[in-house]
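To start, the structure under review is shown below, and the notes come after it.
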Amino acid sequence: MTRRLIVQLVALVLANPFPGNFLSGTLYRGSLKGFCVPFLNCFSCPAAVASCPLGAIQNLLAAPFTRIPFYVVGFMVVVGALAGRWVCGWLCPFGFIQELMGRLSRFKKSIPPWLAWTTLTKYLLLILLFILPVIWVDASGYGSPYFCQFICPKGTLSAGIPLILSDPGSYAPLVGTIFWVKIFILGAVLVGSILVHRPFCRVLCPLGAFFGLFNRFSFFRLHLEEGSCNYCGRCEKSCPVDLKLPENRNSRECVRCLSCRDACPRGALSWGFNSGG
Amino acid sequence: MDNKLALLTLLLGLALIAGGLFQGEFARVIEEGIRICFECMGLGG
């Protein structure tokens, strides 16, 4: 078992310490819900102890008297400034689930060049995440968390499906077209994860898009010891998101799994604080 | 240079957190987090 797998498991358990709630269909309702986790973890998941930053931002913006969600955005900025997308590679439970699905097949396809534009979708979703809850409102002035409502497969997996199963009498009548669309998205992401490494993170995740903006200059980043690198290409071959390495080691698309560092036989790539690379 | 940018960004983030806490955002996040959010799950539509 790799160190990263252990960290991912620990993060999953720490963020979801109430698995018994899946049976009762209840939520944890303590004050820890005021804190956000730095990754996708739906606050309607019965086991969740804290809030999802994306859901919190949208719900705060969706209220009729919109307040700019300084606290949640500030938290995301702090996490991004410290480590960029490291949380995607090491902490995010949905990234972990995609990787587990990916283990079903050793054969992985790259995103073909003619579909490279799809990776920009997450930036569009990030912009819409902030705009839509404010401008798309009902008659009483309320918006909705539209990303969660129409897309987020993590919410479907860890909140929607478990709650319906826990109390079908109450929740099944609420299932409609939107829910089935979300089931389709979840299925596509999970099946896609068998063929492509982390398709949701690379194409659709607005949180990953946000943290990626910090990758180039975050305190923790990848550093290249140029004198040690003989450009053998092992780092590039090991990269699950097909980055051109070592040049693009701090690309926005890097989820910082650090496979490249581990693949380098000469120790030319390192990961650390204030490394200046 | 990059580290200065990271430091400035970190300070900006901390200032945003402080501003949000000052306007009571922590309690608002709890309010949202403790209800079963049907919209969040795509239910009811």
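Going through the structure tokens in order, the chains are called A, B, and so on, while each chain numbers its residues from 1 and the ligands are numbered from 1 in the order shown.
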
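The residue set within 10 Å of Gly33 (chain B), counting only C-alpha atoms and dropping same-chain residues fewer than 6 places from it, reads A:Leu27, A:Tyr28, A:Arg29, A:Gly30, A:Ser31, A:Leu32, A:Lys33, A:Gly34, A:Phe35, A:Cys36, A:Cys42, A:Phe43, A:Ser44, A:Cys45, A:Ala48, A:Val49, A:Ala50, A:Ser51, A:Cys52, A:Gly55, A:Ala56, A:Asn59, B:Ala27.
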
inquiry  = Using only C-alpha atoms and a cut-off of 6 Å, which residues of chain A sit close to chain B? Please list them as an MDAnalysis selection string.
reply    = chainID A and resid 29 33:34 43:44 51 70:71 74 77:78 81 148:149 155:156 160 174:176 178:179 217:218

task = Assign secondary structure with DSSP using the backbone only, and return the residues of region 31-234 of chain A in strand (DSSP E or B) as an NGL selection string.
result = :A and (36 or 51 or 220-224)

task = Record the distance separating CA of Ala188 (chain A) and CA of Phe150 (chain A), expressed in Å with one decimal.
result = 14.2 Å

message = To test your reading of the structure, identify every residue in chain B that backbone DSSP assigns to helix (DSSP H, G or I), and report it as a ChimeraX atom specification.
response = /B:2-22,25-33,39-41

Can I get the selection written as a short mmCIF file (atom, residue, chain, number, x, y, z; two decimals), in the first residue's frame, with N, CA, C and O atoms?
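Heads up, here's the output in result_27.cif:
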```cif
data_model
loop_
_atom_site.label_atom_id
_atom_site.label_comp_id
_atom_site.auth_asym_id
_atom_site.auth_seq_id
_atom_site.Cartn_x
_atom_site.Cartn_y
_atom_site.Cartn_z
N ASP B 2 8.21 34.11 -6.82
CA ASP B 2 7.05 33.23 -6.65
C ASP B 2 6.66 33.10 -5.19
O ASP B 2 5.48 33.04 -4.86
N ASN B 3 7.67 33.06 -4.33
CA ASN B 3 7.36 32.92 -2.91
C ASN B 3 6.70 34.17 -2.36
O ASN B 3 5.85 34.09 -1.47
N LYS B 4 7.09 35.35 -2.88
CA LYS B 4 6.43 36.59 -2.45
C LYS B 4 4.97 36.57 -2.88
O LYS B 4 4.08 36.99 -2.14
N LEU B 5 4.74 36.09 -4.09
CA LEU B 5 3.36 36.01 -4.60
C LEU B 5 2.55 35.03 -3.73
O LEU B 5 1.40 35.30 -3.38
N ALA B 6 3.17 33.92 -3.39
CA ALA B 6 2.48 32.95 -2.53
C ALA B 6 2.16 33.56 -1.16
O ALA B 6 1.06 33.37 -0.63
N LEU B 7 3.12 34.32 -0.64
CA LEU B 7 2.91 34.94 0.67
C LEU B 7 1.78 35.98 0.60
O LEU B 7 0.91 36.01 1.47
N LEU B 8 1.81 36.79 -0.44
CA LEU B 8 0.74 37.79 -0.60
C LEU B 8 -0.63 37.11 -0.74
O LEU B 8 -1.62 37.55 -0.16
N THR B 9 -0.64 36.02 -1.49
CA THR B 9 -1.90 35.28 -1.69
C THR B 9 -2.37 34.68 -0.37
O THR B 9 -3.57 34.72 -0.05
N LEU B 10 -1.42 34.16 0.38
CA LEU B 10 -1.76 33.58 1.68
C LEU B 10 -2.36 34.64 2.61
O LEU B 10 -3.39 34.42 3.26
N LEU B 11 -1.73 35.81 2.62
CA LEU B 11 -2.23 36.90 3.47
C LEU B 11 -3.61 37.36 3.00
O LEU B 11 -4.50 37.65 3.82
N LEU B 12 -3.79 37.41 1.68
CA LEU B 12 -5.11 37.78 1.14
C LEU B 12 -6.16 36.77 1.61
O LEU B 12 -7.25 37.15 2.05
N GLY B 13 -5.81 35.49 1.52
CA GLY B 13 -6.74 34.45 1.95
C GLY B 13 -7.10 34.57 3.42
O GLY B 13 -8.27 34.47 3.81
N LEU B 14 -6.08 34.83 4.24
CA LEU B 14 -6.33 34.97 5.69
C LEU B 14 -7.21 36.20 5.96
O LEU B 14 -8.10 36.16 6.82
N ALA B 15 -6.98 37.27 5.20
CA ALA B 15 -7.80 38.48 5.37
C ALA B 15 -9.25 38.19 4.97
O ALA B 15 -10.19 38.64 5.64
N LEU B 16 -9.43 37.43 3.90
CA LEU B 16 -10.79 37.08 3.48
C LEU B 16 -11.48 36.23 4.55
O LEU B 16 -12.66 36.44 4.85
N ILE B 17 -10.75 35.29 5.12
CA ILE B 17 -11.32 34.45 6.17
C ILE B 17 -11.76 35.33 7.35
O ILE B 17 -12.88 35.21 7.86
N ALA B 18 -10.87 36.24 7.74
CA ALA B 18 -11.20 37.12 8.87
C ALA B 18 -12.44 37.96 8.56
O ALA B 18 -13.34 38.10 9.39
N GLY B 19 -12.48 38.50 7.34
CA GLY B 19 -13.64 39.31 6.93
C GLY B 19 -14.92 38.51 6.95
O GLY B 19 -15.97 38.97 7.41
N GLY B 20 -14.84 37.28 6.45
CA GLY B 20 -16.03 36.42 6.42
C GLY B 20 -16.50 36.06 7.81
O GLY B 20 -17.70 36.08 8.10
N LEU B 21 -15.55 35.74 8.68
CA LEU B 21 -15.92 35.40 10.07
C LEU B 21 -16.54 36.61 10.75
O LEU B 21 -17.51 36.48 11.51
N PHE B 22 -16.00 37.79 10.44
CA PHE B 22 -16.50 39.02 11.05
C PHE B 22 -17.97 39.27 10.68
O PHE B 22 -18.74 39.79 11.47
N GLU B 25 -20.21 34.60 8.70
CA GLU B 25 -20.38 33.59 7.66
C GLU B 25 -20.28 32.16 8.20
O GLU B 25 -20.88 31.24 7.65
N PHE B 26 -19.53 31.98 9.29
CA PHE B 26 -19.36 30.65 9.86
C PHE B 26 -20.74 30.07 10.24
O PHE B 26 -21.05 28.92 9.92
N ALA B 27 -21.56 30.91 10.87
CA ALA B 27 -22.90 30.45 11.27
C ALA B 27 -23.77 30.16 10.05
O ALA B 27 -24.57 29.22 10.04
N ARG B 28 -23.58 30.94 8.99
CA ARG B 28 -24.36 30.71 7.76
C ARG B 28 -23.98 29.37 7.13
O ARG B 28 -24.83 28.65 6.62
N VAL B 29 -22.69 29.07 7.16
CA VAL B 29 -22.24 27.79 6.59
C VAL B 29 -22.80 26.62 7.41
O VAL B 29 -23.24 25.61 6.85
N ILE B 30 -22.85 26.78 8.73
CA ILE B 30 -23.45 25.73 9.57
C ILE B 30 -24.92 25.56 9.19
O ILE B 30 -25.40 24.43 8.99
N GLU B 31 -25.64 26.68 9.06
CA GLU B 31 -27.08 26.61 8.72
C GLU B 31 -27.30 25.82 7.43
O GLU B 31 -28.22 25.01 7.33
N GLU B 32 -26.45 26.08 6.45
CA GLU B 32 -26.60 25.37 5.17
C GLU B 32 -26.19 23.91 5.31
O GLU B 32 -26.80 23.03 4.70
N GLY B 33 -25.17 23.68 6.12
CA GLY B 33 -24.60 22.34 6.20
C GLY B 33 -25.41 21.35 7.00
O GLY B 33 -25.26 20.14 6.83
N GLU B 39 -31.83 20.35 -3.25
CA GLU B 39 -31.31 20.91 -4.51
C GLU B 39 -29.92 20.35 -4.80
O GLU B 39 -29.58 20.06 -5.94
N CYS B 40 -29.11 20.25 -3.70
CA CYS B 40 -27.73 19.77 -3.90
C CYS B 40 -27.70 18.36 -4.47
O CYS B 40 -26.74 17.98 -5.12
N MET B 41 -28.73 17.59 -4.21
CA MET B 41 -28.73 16.20 -4.64
C MET B 41 -29.51 16.00 -5.94
O MET B 41 -29.65 14.88 -6.41
#
```

task = Go ahead and compute the interatomic distance for CA of Thr118 (chain A) and CA of Gly84 (chain A), in Å to one decimal.
result = 21.0 Å

Selected residue, from A:Val196, A:Ala11, A:Leu5, A:Cys235, that lies nearest to Arg266 (chain A) when counting only C-alpha atoms =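 Between A:Val196, A:Ala11, A:Leu5, A:Cys235, the residue approaching Arg266 (chain A) most closely is A:Cys235.
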
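Ranking A:Val87, A:Ala116, A:Ala159, A:Ala62 by their shortest atom-to-atom distance to Leu132 (chain A), with only C-alpha atoms included, puts A:Ala62 first.
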
Which neighbours of Leu9 (chain A) fall inside 9 Å, counting only C-alpha atoms, when residues of the same chain fewer than 6 positions from it are skipped, and could you give them as an mmCIF file with all heavy atoms, in the first residue's frame?
```
data_model
loop_
_atom_site.group_PDB
_atom_site.id
_atom_site.type_symbol
_atom_site.label_atom_id
_atom_site.label_comp_id
_atom_site.auth_asym_id
_atom_site.auth_seq_id
_atom_site.Cartn_x
_atom_site.Cartn_y
_atom_site.Cartn_z
ATOM 1 N N LEU A 91 -5.805 14.147 -1.024
ATOM 2 C CA LEU A 91 -6.878 14.176 -0.017
ATOM 3 C C LEU A 91 -8.278 13.926 -0.573
ATOM 4 O O LEU A 91 -9.122 13.369 0.135
ATOM 5 C CB LEU A 91 -6.880 15.536 0.709
ATOM 6 C CG LEU A 91 -5.603 15.936 1.465
ATOM 7 C CD1 LEU A 91 -5.803 17.285 2.159
ATOM 8 C CD2 LEU A 91 -5.216 14.885 2.490
ATOM 9 N N PRO A 93 -11.623 12.688 -1.635
ATOM 10 C CA PRO A 93 -12.222 11.352 -1.689
ATOM 11 C C PRO A 93 -12.734 10.975 -3.079
ATOM 12 O O PRO A 93 -12.685 9.803 -3.458
ATOM 13 C CB PRO A 93 -13.399 11.445 -0.701
ATOM 14 C CG PRO A 93 -13.050 12.559 0.209
ATOM 15 C CD PRO A 93 -12.282 13.543 -0.638
ATOM 16 N N PHE A 96 -9.913 9.884 -5.112
ATOM 17 C CA PHE A 96 -9.558 8.554 -4.616
ATOM 18 C C PHE A 96 -10.477 7.492 -5.223
ATOM 19 O O PHE A 96 -10.016 6.444 -5.706
ATOM 20 C CB PHE A 96 -9.667 8.579 -3.090
ATOM 21 C CG PHE A 96 -9.367 7.277 -2.409
ATOM 22 C CD1 PHE A 96 -8.255 6.529 -2.749
ATOM 23 C CD2 PHE A 96 -10.205 6.807 -1.402
ATOM 24 C CE1 PHE A 96 -7.979 5.332 -2.107
ATOM 25 C CE2 PHE A 96 -9.939 5.615 -0.768
ATOM 26 C CZ PHE A 96 -8.829 4.869 -1.117
#
```

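Pairwise distance (CA of Ser193 (chain A), CA of Leu100 (chain A)) equals 8.5 Å.
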
Exercise: Ile194 (chain A) partners within 6 Å, only C-alpha atoms, chain neighbours under 4 positions left out, as a VMD selection string = chain A and resid 101 to 102 105

Serialized selection, C-alpha atoms, as a PDB file, in the first residue's frame:
```
ATOM      1  CA  MET A 101     -12.074   2.551 -10.383  1.00  0.00           C
ATOM      2  CA  GLY A 102      -8.966   3.078 -12.474  1.00  0.00           C
ATOM      3  CA  SER A 105      -7.849  -1.782 -15.724  1.00  0.00           C
TER       4      SER A 105
END
```

Skipping near chain neighbours, those fewer than 6 positions away, what residues fall within 7 Å of Cys88 (chain A) using only C-alpha atoms, listed as a PDB file with N, CA and C atoms, in the first residue's frame?
```pdb
ATOM      1  N   GLY A  95     -11.457  11.989  -5.961  1.00  0.00           N
ATOM      2  CA  GLY A  95     -10.282  11.616  -6.740  1.00  0.00           C
ATOM      3  C   GLY A  95      -9.848  10.203  -6.391  1.00  0.00           C
ATOM      4  N   GLY A 208     -10.830  21.836  -8.444  1.00  0.00           N
ATOM      5  CA  GLY A 208      -9.501  21.547  -8.988  1.00  0.00           C
ATOM      6  C   GLY A 208      -9.033  22.680  -9.891  1.00  0.00           C
ATOM      7  N   VAL A 255      -2.138  17.268 -10.628  1.00  0.00           N
ATOM      8  CA  VAL A 255      -2.839  17.007  -9.362  1.00  0.00           C
ATOM      9  C   VAL A 255      -1.855  16.634  -8.258  1.00  0.00           C
TER      10      VAL A 255
END
```
